[in-house]
Amino acid sequence: MRESAVPGRRCTRALPKQRVRIAWTTKRLGYDRPRLLCIRHAHCLSKDLPIGCRTILGETREDEDEILPRKDYESLDYDRCINEPFLEVLEGLDNKKAGKYEAIKWILVFAIGVSTGLTGLFVDFFVRLFTQLKFKLVGQSVEECSENGCLALSLLELLALNMVFIFVSSVLVLIEPVAAGSGIPEIKSYLNGVKIPGIVRLRTYICKVTGVLFAVAGGLFVGKEGPMIHSGAIIGAGLPQSITFKKIRFHFPYFRSDSLEEGSSFWNQALTWKVLFCSMSATFTLNFFRSGINFNKWGSFQLPGLLNFGEFKCVDGDKACHLWTAVDLAFFVLMGVAGGLLGALFNCINKRLAKYRMRNVHPKARFIRVLESLLVCMVTTLVIFVASVALGECRDLVSTNNNTSAQEVNSTIRHFFCYNNTYNDMATLFFNPQEVAIHQLFHQNATFSPVTLSLFFVLYFFLSCWTYGVSVPSGLFVPSLLCGASLGRLVANVLKINFHMQIYSGTFALIGAAAFLGGVVRMTISLTVAKWTGDFFNKGIYDIHIHLKGVPLLEWETEVEMDKLTASDIMEPNLTYVYPHTRIQSLVSILRTTVYHAFPVVTENRDNEKEFMKGNILISNNIKFKKTSVLTRAGEQRRRCQSMKSYPSSELRNVCDEQVVVEPAEEGQDILQQMLERRHVPYPNLYPDQSPSEEWTMEERFRPLTFHGLILRSQLVNLLIRGVCYAENQSSASQPRLSHSEMTEDYPRFPDIHDLDLALLNPRMIVDVTPYMNPCPYTVSPNTRVSQVFNLFRTMGLRHLPVVNAVGEIVGIITRHNLTHEFLVAKLRQHYITI
């Protein structure tokens with residue numbers, strides 16, 4: 001029995017090796033979701049399956065630690081569809097209206113910034129409120145129970161509060177799974193052009209914002225800054241599409257085509273200024289409200305962000321103090337190397353944990369994820385409490401730098417089990433918000449013992465590594481900074497105590513924080529040493545999770561060796577196409593039997609069909625314009641009727657019952673003159689057949705097709721739903737015309753073909769798709785090198801890239817999956833085998 005391989009499903013090793021026949025089928029998930037299946041005569045895929053087949057399949061090979069891109073991810077439509085309705089909008093656009101649109105953009109940019117700032121204010125306010133209430137209750141209980149011997153009750157109180165918070169956060173992730181984690185891998189993929197379902201929806205925003213404040217307040221070693229990036233992206237994507245703006249008399253469907261959802265693959269000056277203005281608006285809003293709420297000084301602007309490192313300076317009058325020296329730079333470099341190594345170790349452990357979750361947690365019932373979150377919460381709470389009680393040291397209060405007031409010090413230190421003007425250094429780090437602990441490590445002088453810092457770093461390292469990936473909204477910036485700051489402060493203490501060096505501990509804590517953060521995330525080249533060291537072993541944490549999700553992310557450029565391939569080597573040659581004038585029954589059949597996102601609009605050219613295939617190489621000679629090159633419509637109709645007979649549908653066979661007679665070209669008429677006259681004539685009214693039949697010969701499958709443009713699936717469904725068609729005995733001019741606003745009214749949730757009531761459609765009616773197709777998409781030649789194809793596709797944010805030869809024939813189409821590293825590697829192997 002013929003079976004198709006299931007990506008990600010592994011075969012039992014006990015099965016005997018069997019002979020496997022490999023064949024590529026024409027079944028696909030879509031032009032932007034190709035899925036080349038292996039057909040086999042076996043119970044499952046053997047481990048000896050050819051590497052190229054396994055690579056394109058996306059089968060997970062655990063032994064080689066390889067996870068390949070999933071084929072169900074689609075691309076986004078950044079490219080405009082320059083069809084006739086859009087051109088009508090452009091014709092009605094003048095400088096006055098263009099200025100009005102530009103003003104609206106700046107207003108929306110300001111609204112996005114203010115909304116993002118208010119979101120940050122909301123999260124920060126309630127995190128601070130819940131955290132203060134929790135630590136106040138538990139702190140009072142610990143002080144009382146330390147004398148009465150009821151510490152178990154204090155532990156239960158802390159455990160109950162934390163687990164309630166984490167339960168709420170985890171349940172919100174069950175409602176919207178894409179709200180889990182920081183969201184940065186998903187947003188990075190989205191800006192790369194990958195369509196992540198639900199990533200910028202309102203429900204995701206609500207679950208993300210609410211879930212992260214409960215996750216942070218619940219005591220998990222997570223941050224709120226990473227999820228704020230995701231939340232801001234949702235605001236930026238959703239606010240311009242708000243329903244309330246429809247009341248304003250501006251042409252917002254046009255604005256949707258010029259959306260602020262720009263791809264990170266390219267950048268422009270106008271966008272730079274808008275991003276700067278948006279950031280200023282968000283910072284202003286957050287600073288204004290936080291300063292007023294926390295200090296009751298509205299307009300003082302004392303708190304510019306959610307995380308403030310404070311001012312680094314020496315105590316007044318201390319001439320021996322220096323923030324850093326040239327000698328310190330050598331230690332900074334070594335700390336950068338250590339940060340890169342530790343970051344690589346962190347990412348390696350987290351990757352193995354994530355793969356374990358993928359195999360053993362995610363396939364099970366969804367409530368298992370909640371139980372895992374509660375387990376992590378329970379262990380974290382026990383570690384915090386036991387470490388503070390048993391491992392903390394009582395330290396004497398010392399004078400602090402003048403930039404930190406005594407009131408701030410007294411409000412953040414914890415006296416658990418310490419008396420006589422001493423405090424517990426471990427409890428001071430664990431029983432404070434993470435931002436406060438970072439501020440202490442940066443600015444308090446000689447308040448933490450090396451043993452405490454060592455234990456704190458180890459515990460925080462492994463617990464934060466375990467936590468990142470559980471089903472709660474969670475960031476990694478603040479935990480990484482706190483972990484690195486403790487390491488940097490430890491290095492400073494060792495240099496002071498053992499080598500008696502005069503150094504500024506806060507600077508070392510800052511360098512340690514930056515080094516560890518750079519070693520984990522590696523998102524910028526500014527953290528050079530840590531990034532280069534970590535890149536020697538593995539990728540950044542966000543890139544690792546993108547890889548684990550199987551997202552077909554396109555890197556900045558291809559490898560040099562890939563230029564041995566051309567567009568014809570990597571394109572998909574099996575095309576499903578439509579004609580300029582197509583019967584409804586054929587459109588419905590194509591749309592219901594395929595999931596392609598776009599279809600080439602073509603007419604056929606049989607002049608060079610005989611020489612189209614030469615061995616396994618696709619070629620096309622220049623057309624010799626002769627009288628015999630002009631096909632009459634009757635001859636074309638007869639040929640198509642022969643192709644339709646391979647389909648069982650009686651409706652399709654009935655198309656052949658009608659004989660359409662078109663006068664042949666006059667003898668002796670100049671062919672070139674005919675071509676010039678046809679330049680502005682509507683496309684020929686050719687009736688289509690179905691998708692290519694599996695019974696077609698190679699010559700039939702690769703018949704020459706003159707390319708006229710691309711029509712999107714959403715556009716075809718929209719035309720069918722709105723009844724845009726004409727009868728056989730009518731002219732195509734009688735077909736109803738849709739405006740651009742009508743074409744984009746359902747954006748971004750376009751209707752599906754399976755929701756269409758077929759009883760309302762007359763299958764004999766004809767649809768003229770030419771006004772709504774994109775007649776000028778980006779195209780490449782079959783001989784274009786892969787690097788050129790890759791740069792065009794990524795830079796312009798494309799979803800489909802037709803491959804058109806020198807005579808205007810479409811010979812294939814390229815999508816995101818044809819440009820992934822794994823697909824190119826497989827094609828390169830085939831290239832070496834061929835040569």
# chains A, B, ... in the order shown; residues from 1 in each chain; ligands from 1
$ select_by_dssp --residues "stretch 387-569 of chain A" --states "strand (DSSP E)" --output "list in words"
Cys394, Arg395, Asp396, Thr422, Tyr423 and Asn424 of chain A
$ residues_around --residues "A:Pro473" --least-positions-apart "4" --cutoff "10 Å" --atoms "only C-alpha atoms" --output "ChimeraX atom specification"
/A:169-170,172-173,177-183,207-216,222-224,226-227,468-469
$ write_last_selection --atoms "N, CA, C and O atoms" --output "compact mmCIF listing (two decimals), in the first residue's frame"
# COMPACT_ATOMS: atom_id res chain seq x y z
N SER A 169 -1.69 32.48 35.27
CA SER A 169 -0.86 32.76 34.09
C SER A 169 -0.85 31.59 33.12
O SER A 169 -0.95 31.77 31.90
N SER A 170 -0.74 30.37 33.64
CA SER A 170 -0.69 29.19 32.78
C SER A 170 -2.04 28.92 32.11
O SER A 170 -2.08 28.48 30.96
N LEU A 172 -4.17 31.18 31.20
CA LEU A 172 -4.27 32.16 30.12
C LEU A 172 -3.52 31.68 28.88
O LEU A 172 -3.96 31.92 27.75
N VAL A 173 -2.41 30.98 29.07
CA VAL A 173 -1.68 30.43 27.94
C VAL A 173 -2.45 29.28 27.29
O VAL A 173 -2.38 29.07 26.08
N PRO A 177 -2.32 29.71 23.18
CA PRO A 177 -0.97 29.12 23.33
C PRO A 177 0.15 29.99 22.80
O PRO A 177 1.28 29.91 23.30
N VAL A 178 -0.13 30.82 21.79
CA VAL A 178 0.95 31.62 21.23
C VAL A 178 1.40 32.72 22.19
O VAL A 178 2.42 33.37 21.96
N ALA A 179 0.66 32.91 23.31
CA ALA A 179 1.05 33.90 24.31
C ALA A 179 2.16 33.40 25.21
O ALA A 179 2.68 34.16 26.04
N ALA A 180 2.56 32.14 25.10
CA ALA A 180 3.61 31.59 25.95
C ALA A 180 4.96 32.17 25.57
O ALA A 180 5.19 32.61 24.45
N GLY A 181 5.88 32.13 26.53
CA GLY A 181 7.24 32.58 26.27
C GLY A 181 7.34 34.08 26.16
O GLY A 181 6.43 34.84 26.51
N SER A 182 8.46 34.53 25.62
CA SER A 182 8.68 35.97 25.47
C SER A 182 7.99 36.53 24.24
O SER A 182 7.68 37.72 24.18
N GLY A 183 7.77 35.70 23.24
CA GLY A 183 7.19 36.17 21.99
C GLY A 183 8.21 36.72 21.02
O GLY A 183 7.87 36.98 19.85
N CYS A 207 -4.08 37.93 26.82
CA CYS A 207 -3.46 36.82 27.56
C CYS A 207 -1.99 37.10 27.86
O CYS A 207 -1.49 36.73 28.93
N LYS A 208 -1.31 37.76 26.94
CA LYS A 208 0.12 38.04 27.13
C LYS A 208 0.32 39.04 28.26
O LYS A 208 1.14 38.82 29.18
N VAL A 209 -0.40 40.14 28.20
CA VAL A 209 -0.21 41.20 29.19
C VAL A 209 -0.64 40.74 30.57
O VAL A 209 0.08 40.94 31.57
N THR A 210 -1.79 40.11 30.64
CA THR A 210 -2.27 39.65 31.95
C THR A 210 -1.42 38.49 32.47
O THR A 210 -1.10 38.42 33.66
N GLY A 211 -1.05 37.59 31.59
CA GLY A 211 -0.28 36.42 32.01
C GLY A 211 1.10 36.77 32.51
O GLY A 211 1.59 36.17 33.48
N VAL A 212 1.77 37.75 31.89
CA VAL A 212 3.14 38.05 32.29
C VAL A 212 3.19 38.72 33.66
O VAL A 212 4.12 38.48 34.44
N LEU A 213 2.18 39.53 33.98
CA LEU A 213 2.23 40.16 35.30
C LEU A 213 2.01 39.13 36.42
O LEU A 213 2.61 39.23 37.50
N PHE A 214 1.19 38.11 36.16
CA PHE A 214 1.01 37.05 37.14
C PHE A 214 2.25 36.14 37.21
O PHE A 214 2.59 35.63 38.27
N ALA A 215 2.90 35.93 36.05
CA ALA A 215 4.10 35.09 36.04
C ALA A 215 5.23 35.73 36.84
O ALA A 215 5.93 35.06 37.60
N VAL A 216 5.43 37.03 36.65
CA VAL A 216 6.49 37.74 37.38
C VAL A 216 6.12 37.84 38.86
O VAL A 216 6.96 37.61 39.74
N VAL A 222 11.52 34.96 35.64
CA VAL A 222 11.20 35.45 34.30
C VAL A 222 11.12 36.96 34.36
O VAL A 222 11.01 37.56 35.44
N GLY A 223 11.17 37.60 33.20
CA GLY A 223 11.07 39.05 33.13
C GLY A 223 9.85 39.48 32.34
O GLY A 223 9.22 38.67 31.65
N LYS A 224 9.53 40.75 32.41
CA LYS A 224 8.37 41.29 31.69
C LYS A 224 8.77 42.10 30.46
O LYS A 224 7.91 42.51 29.68
N GLY A 226 10.68 41.19 27.73
CA GLY A 226 10.52 40.46 26.49
C GLY A 226 9.07 40.40 26.01
O GLY A 226 8.77 40.74 24.85
N PRO A 227 8.12 40.01 26.86
CA PRO A 227 6.71 40.04 26.46
C PRO A 227 6.21 41.43 26.09
O PRO A 227 5.24 41.54 25.34
N TYR A 468 12.43 29.04 31.40
CA TYR A 468 12.18 29.58 30.06
C TYR A 468 11.73 28.45 29.12
O TYR A 468 12.51 27.59 28.75
N GLY A 469 10.48 28.47 28.78
CA GLY A 469 9.90 27.43 27.94
C GLY A 469 8.65 26.82 28.53
O GLY A 469 7.92 26.12 27.82
$ select_by_dssp --residues "stretch 747-802 of chain A" --states "alpha helix (DSSP H)" --output "PDB file with N, CA and C atoms, in the first residue's frame"
ATOM      1  N   VAL A 786      21.256  31.665  -7.120  1.00  0.00           N
ATOM      2  CA  VAL A 786      20.476  31.561  -5.889  1.00  0.00           C
ATOM      3  C   VAL A 786      20.674  32.785  -4.996  1.00  0.00           C
ATOM      4  N   SER A 787      21.867  33.318  -4.929  1.00  0.00           N
ATOM      5  CA  SER A 787      22.094  34.485  -4.074  1.00  0.00           C
ATOM      6  C   SER A 787      21.252  35.669  -4.533  1.00  0.00           C
ATOM      7  N   GLN A 788      21.112  35.851  -5.845  1.00  0.00           N
ATOM      8  CA  GLN A 788      20.282  36.930  -6.361  1.00  0.00           C
ATOM      9  C   GLN A 788      18.808  36.673  -6.054  1.00  0.00           C
ATOM     10  N   VAL A 789      18.376  35.434  -6.229  1.00  0.00           N
ATOM     11  CA  VAL A 789      16.999  35.077  -5.903  1.00  0.00           C
ATOM     12  C   VAL A 789      16.722  35.318  -4.426  1.00  0.00           C
ATOM     13  N   PHE A 790      17.648  34.895  -3.597  1.00  0.00           N
ATOM     14  CA  PHE A 790      17.482  35.011  -2.146  1.00  0.00           C
ATOM     15  C   PHE A 790      17.398  36.474  -1.723  1.00  0.00           C
ATOM     16  N   ASN A 791      18.305  37.294  -2.236  1.00  0.00           N
ATOM     17  CA  ASN A 791      18.309  38.707  -1.853  1.00  0.00           C
ATOM     18  C   ASN A 791      17.037  39.413  -2.304  1.00  0.00           C
ATOM     19  N   LEU A 792      16.563  39.110  -3.500  1.00  0.00           N
ATOM     20  CA  LEU A 792      15.324  39.725  -3.982  1.00  0.00           C
ATOM     21  C   LEU A 792      14.142  39.285  -3.136  1.00  0.00           C
ATOM     22  N   PHE A 793      14.053  38.005  -2.867  1.00  0.00           N
ATOM     23  CA  PHE A 793      12.919  37.468  -2.122  1.00  0.00           C
ATOM     24  C   PHE A 793      12.885  38.034  -0.703  1.00  0.00           C
ATOM     25  N   ARG A 794      14.027  38.050  -0.039  1.00  0.00           N
ATOM     26  CA  ARG A 794      14.066  38.483   1.363  1.00  0.00           C
ATOM     27  C   ARG A 794      13.963  39.990   1.488  1.00  0.00           C
ATOM     28  N   THR A 795      14.665  40.710   0.633  1.00  0.00           N
ATOM     29  CA  THR A 795      14.686  42.156   0.748  1.00  0.00           C
ATOM     30  C   THR A 795      13.332  42.774   0.451  1.00  0.00           C
TER      31      THR A 795
END
$ residues_around --residues "A:Thr131" --least-positions-apart "2" --cutoff "9 Å" --atoms "only C-alpha atoms" --output "list in words"
Phe126, Val127, Arg128, Leu129, Leu133, Lys134, Phe135, Lys136, Val216, Ala217, Gly218, Gly219, Asn432 and Pro433 of chain A
$ write_last_selection --atoms "C-alpha atoms" --output "mmCIF file, in the first residue's frame"
data_model
loop_
_atom_site.group_PDB
_atom_site.id
_atom_site.type_symbol
_atom_site.label_atom_id
_atom_site.label_comp_id
_atom_site.auth_asym_id
_atom_site.auth_seq_id
_atom_site.Cartn_x
_atom_site.Cartn_y
_atom_site.Cartn_z
ATOM 1 C CA PHE A 126 0.274 45.424 39.100
ATOM 2 C CA VAL A 127 3.541 43.485 39.258
ATOM 3 C CA ARG A 128 4.807 45.971 41.813
ATOM 4 C CA LEU A 129 1.506 45.851 43.727
ATOM 5 C CA LEU A 133 1.781 42.583 49.022
ATOM 6 C CA LYS A 134 3.278 39.105 48.777
ATOM 7 C CA PHE A 135 6.662 40.027 50.266
ATOM 8 C CA LYS A 136 5.022 42.096 52.988
ATOM 9 C CA VAL A 216 6.489 37.737 37.384
ATOM 10 C CA ALA A 217 4.440 38.301 40.546
ATOM 11 C CA GLY A 218 4.348 34.518 41.046
ATOM 12 C CA GLY A 219 8.071 34.416 41.757
ATOM 13 C CA ASN A 432 13.119 41.543 46.269
ATOM 14 C CA PRO A 433 11.931 42.259 42.730
#
$ residues_around --residues "stretch 113-124 of chain A" --least-positions-apart "3" --cutoff "8 Å" --atoms "only C-alpha atoms" --output "tab-separated table (two decimals) with all heavy atoms, in the first residue's frame"
chain	number	residue	atom	x	y	z
A	109	VAL	N	1.08	56.46	14.72
A	109	VAL	CA	2.37	56.16	15.36
A	109	VAL	C	2.38	56.68	16.79
A	109	VAL	O	2.83	56.00	17.72
A	109	VAL	CB	3.52	56.76	14.54
A	109	VAL	CG1	4.82	56.74	15.35
A	109	VAL	CG2	3.72	55.98	13.24
A	110	PHE	N	1.87	57.90	16.99
A	110	PHE	CA	1.79	58.46	18.34
A	110	PHE	C	0.84	57.62	19.20
A	110	PHE	O	1.15	57.34	20.38
A	110	PHE	CB	1.30	59.90	18.26
A	110	PHE	CG	1.10	60.54	19.60
A	110	PHE	CD1	2.18	60.96	20.36
A	110	PHE	CD2	-0.18	60.72	20.12
A	110	PHE	CE1	2.01	61.54	21.60
A	110	PHE	CE2	-0.37	61.30	21.35
A	110	PHE	CZ	0.73	61.72	22.11
A	127	VAL	N	2.44	44.33	38.79
A	127	VAL	CA	3.54	43.48	39.26
A	127	VAL	C	4.09	44.03	40.56
A	127	VAL	O	4.34	43.29	41.53
A	127	VAL	CB	4.65	43.40	38.19
A	127	VAL	CG1	5.92	42.81	38.79
A	127	VAL	CG2	4.20	42.56	37.01
A	128	ARG	N	4.29	45.34	40.59
A	128	ARG	CA	4.81	45.97	41.81
A	128	ARG	C	3.81	45.81	42.96
A	128	ARG	O	4.20	45.51	44.10
A	128	ARG	CB	5.07	47.45	41.55
A	128	ARG	CG	5.71	48.20	42.72
A	128	ARG	CD	5.84	49.67	42.37
A	128	ARG	NE	6.71	49.84	41.22
A	128	ARG	CZ	8.03	50.01	41.31
A	128	ARG	NH1	8.61	50.03	42.51
A	128	ARG	NH2	8.76	50.18	40.23
A	209	VAL	N	-0.40	40.14	28.20
A	209	VAL	CA	-0.21	41.20	29.19
A	209	VAL	C	-0.64	40.74	30.57
A	209	VAL	O	0.08	40.94	31.57
A	209	VAL	CB	-1.00	42.45	28.76
A	209	VAL	CG1	-1.01	43.49	29.87
A	209	VAL	CG2	-0.41	43.05	27.48
A	210	THR	N	-1.79	40.11	30.64
A	210	THR	CA	-2.27	39.65	31.95
A	210	THR	C	-1.42	38.49	32.47
A	210	THR	O	-1.10	38.42	33.66
A	210	THR	CB	-3.74	39.21	31.85
A	210	THR	OG1	-4.50	40.24	31.21
A	210	THR	CG2	-4.32	38.94	33.23
A	212	VAL	N	1.77	37.75	31.89
A	212	VAL	CA	3.14	38.05	32.29
A	212	VAL	C	3.19	38.72	33.66
A	212	VAL	O	4.12	38.48	34.44
A	212	VAL	CB	3.83	38.93	31.22
A	212	VAL	CG1	3.27	40.34	31.21
A	212	VAL	CG2	5.33	38.97	31.46
A	213	LEU	N	2.18	39.53	33.98
A	213	LEU	CA	2.23	40.16	35.30
A	213	LEU	C	2.01	39.13	36.42
A	213	LEU	O	2.61	39.23	37.50
A	213	LEU	CB	1.22	41.30	35.38
A	213	LEU	CG	-0.27	41.03	35.39
A	213	LEU	CD1	-0.79	40.82	36.81
A	213	LEU	CD2	-1.04	42.20	34.77
A	224	LYS	N	9.53	40.75	32.41
A	224	LYS	CA	8.37	41.29	31.69
A	224	LYS	C	8.77	42.10	30.46
A	224	LYS	O	7.91	42.51	29.68
A	224	LYS	CB	7.54	42.17	32.62
A	224	LYS	CG	8.30	43.31	33.28
A	224	LYS	CD	7.38	44.08	34.22
A	224	LYS	CE	8.11	45.24	34.88
A	224	LYS	NZ	9.12	44.78	35.85
A	228	MET	N	6.85	42.48	26.62
A	228	MET	CA	6.45	43.83	26.23
A	228	MET	C	6.73	44.09	24.75
A	228	MET	O	6.01	44.84	24.09
A	228	MET	CB	7.17	44.86	27.10
A	228	MET	CG	6.58	45.02	28.49
A	228	MET	SD	4.85	45.52	28.46
A	228	MET	CE	4.96	47.01	27.50
A	231	SER	N	3.85	42.50	23.04
A	231	SER	CA	2.65	43.31	23.23
A	231	SER	C	2.67	44.56	22.36
A	231	SER	O	1.65	44.93	21.76
A	231	SER	CB	2.51	43.69	24.71
A	231	SER	OG	2.48	42.54	25.54
A	232	GLY	N	3.82	45.22	22.29
A	232	GLY	CA	3.94	46.40	21.43
A	232	GLY	C	3.74	46.06	19.96
A	232	GLY	O	3.14	46.84	19.21
A	235	ILE	N	0.04	45.79	19.33
A	235	ILE	CA	-0.57	47.12	19.26
A	235	ILE	C	-0.26	47.76	17.91
A	235	ILE	O	-1.14	48.33	17.26
A	235	ILE	CB	-0.05	47.99	20.41
A	235	ILE	CG1	-0.52	47.43	21.76
A	235	ILE	CG2	-0.53	49.43	20.25
A	235	ILE	CD1	0.08	48.14	22.95
A	277	PHE	N	9.94	58.32	16.76
A	277	PHE	CA	8.84	59.09	17.34
A	277	PHE	C	7.94	58.21	18.20
A	277	PHE	O	7.48	58.62	19.28
A	277	PHE	CB	8.03	59.73	16.22
A	277	PHE	CG	6.86	60.55	16.70
A	277	PHE	CD1	7.06	61.71	17.44
A	277	PHE	CD2	5.57	60.15	16.42
A	277	PHE	CE1	5.98	62.46	17.88
A	277	PHE	CE2	4.49	60.89	16.86
A	277	PHE	CZ	4.69	62.06	17.58
A	278	CYS	N	7.70	56.98	17.76
A	278	CYS	CA	6.89	56.04	18.53
A	278	CYS	C	7.57	55.70	19.85
A	278	CYS	O	6.92	55.65	20.90
A	278	CYS	CB	6.62	54.79	17.71
A	278	CYS	SG	5.53	53.59	18.48
A	279	SER	N	8.87	55.47	19.81
A	279	SER	CA	9.61	55.15	21.03
A	279	SER	C	9.59	56.34	22.01
A	279	SER	O	9.43	56.16	23.22
A	279	SER	CB	11.06	54.78	20.69
A	279	SER	OG	11.10	53.69	19.81
A	280	MET	N	9.75	57.54	21.47
A	280	MET	CA	9.69	58.73	22.32
A	280	MET	C	8.31	58.86	22.97
A	280	MET	O	8.20	59.20	24.16
A	280	MET	CB	10.01	59.97	21.49
A	280	MET	CG	11.44	60.06	21.00
A	280	MET	SD	11.68	61.38	19.78
A	280	MET	CE	11.08	62.79	20.70
A	281	SER	N	7.26	58.58	22.20
A	281	SER	CA	5.90	58.68	22.75
A	281	SER	C	5.68	57.67	23.85
A	281	SER	O	5.09	57.98	24.90
A	281	SER	CB	4.88	58.48	21.63
A	281	SER	OG	5.07	59.39	20.57
A	282	ALA	N	6.16	56.43	23.64
A	282	ALA	CA	6.00	55.40	24.66
A	282	ALA	C	6.80	55.74	25.92
A	282	ALA	O	6.29	55.58	27.05
A	282	ALA	CB	6.45	54.05	24.10
A	283	THR	N	8.03	56.20	25.75
A	283	THR	CA	8.86	56.55	26.91
A	283	THR	C	8.27	57.72	27.68
A	283	THR	O	8.24	57.73	28.92
A	283	THR	CB	10.29	56.88	26.44
A	283	THR	OG1	10.83	55.76	25.75
A	283	THR	CG2	11.18	57.22	27.62
A	284	PHE	N	7.80	58.72	26.96
A	284	PHE	CA	7.19	59.88	27.60
A	284	PHE	C	5.97	59.47	28.42
A	284	PHE	O	5.81	59.88	29.58
A	284	PHE	CB	6.79	60.90	26.54
A	284	PHE	CG	6.03	62.08	27.09
A	284	PHE	CD1	6.70	63.19	27.62
A	284	PHE	CD2	4.64	62.09	27.08
A	284	PHE	CE1	5.99	64.27	28.12
A	284	PHE	CE2	3.92	63.16	27.59
A	284	PHE	CZ	4.61	64.26	28.11
A	285	THR	N	5.10	58.65	27.82
A	285	THR	CA	3.89	58.22	28.52
A	285	THR	C	4.23	57.42	29.77
A	285	THR	O	3.69	57.66	30.86
A	285	THR	CB	3.02	57.37	27.58
A	285	THR	OG1	2.72	58.12	26.41
A	285	THR	CG2	1.74	56.93	28.26
A	286	LEU	N	5.14	56.47	29.63
A	286	LEU	CA	5.52	55.63	30.77
A	286	LEU	C	6.17	56.44	31.87
A	286	LEU	O	5.85	56.29	33.06
A	286	LEU	CB	6.46	54.52	30.30
A	286	LEU	CG	6.91	53.50	31.35
A	286	LEU	CD1	5.71	52.72	31.89
A	286	LEU	CD2	7.93	52.54	30.75
A	289	PHE	N	3.54	58.86	33.78
A	289	PHE	CA	2.62	58.23	34.71
A	289	PHE	C	3.35	57.54	35.86
A	289	PHE	O	2.88	57.57	37.00
A	289	PHE	CB	1.72	57.23	33.97
A	289	PHE	CG	0.63	57.88	33.19
A	289	PHE	CD1	0.75	58.07	31.82
A	289	PHE	CD2	-0.53	58.30	33.81
A	289	PHE	CE1	-0.26	58.67	31.09
A	289	PHE	CE2	-1.55	58.90	33.09
A	289	PHE	CZ	-1.41	59.09	31.73
A	290	ARG	N	4.49	56.90	35.60
A	290	ARG	CA	5.22	56.23	36.68
A	290	ARG	C	5.73	57.24	37.69
A	290	ARG	O	5.70	57.00	38.90
A	290	ARG	CB	6.39	55.42	36.12
A	290	ARG	CG	5.99	54.16	35.38
A	290	ARG	CD	7.21	53.30	35.14
A	290	ARG	NE	7.67	52.67	36.37
A	290	ARG	CZ	8.93	52.29	36.58
A	290	ARG	NH1	9.85	52.50	35.65
A	290	ARG	NH2	9.28	51.73	37.71
A	306	LEU	N	11.20	50.90	32.46
A	306	LEU	CA	10.86	49.84	33.41
A	306	LEU	C	12.09	49.34	34.15
A	306	LEU	O	12.00	48.86	35.27
A	306	LEU	CB	10.19	48.68	32.67
A	306	LEU	CG	8.82	48.96	32.07
A	306	LEU	CD1	8.31	47.74	31.33
A	306	LEU	CD2	7.82	49.35	33.15
$ residues_around --residues "A:Pro771" --least-positions-apart "4" --cutoff "8 Å" --atoms "only C-alpha atoms" --output "MDAnalysis selection string"
chainID A and resid 83:85
$ closest_residue --among "A:Val200, A:Asp543, A:Glu74, A:His415" --to "A:Val595" --atoms "only C-alpha atoms"
A:Glu74
$ atom_distance --atom1 "atom CA of A:Cys418" --atom2 "atom CA of A:Thr452"
15.1 Å
$ residues_around --residues "A:Leu760" --least-positions-apart "3" --cutoff "10 Å" --atoms "only C-alpha atoms" --output "ChimeraX atom specification"
/A:720-721,723,756-757,763
$ atom_distance --atom1 "atom CA of A:Gly339" --atom2 "atom CA of A:Leu375"
28.9 Å
$ residues_around --residues "A:Val337" --least-positions-apart "5" --cutoff "8 Å" --atoms "only C-alpha atoms" --output "ChimeraX atom specification"
/A:515,529-530,533
$ closest_residue --among "A:Ile112, A:Leu153, A:Ile544, A:Val470" --to "A:Val171" --atoms "only C-alpha atoms"
A:Val470
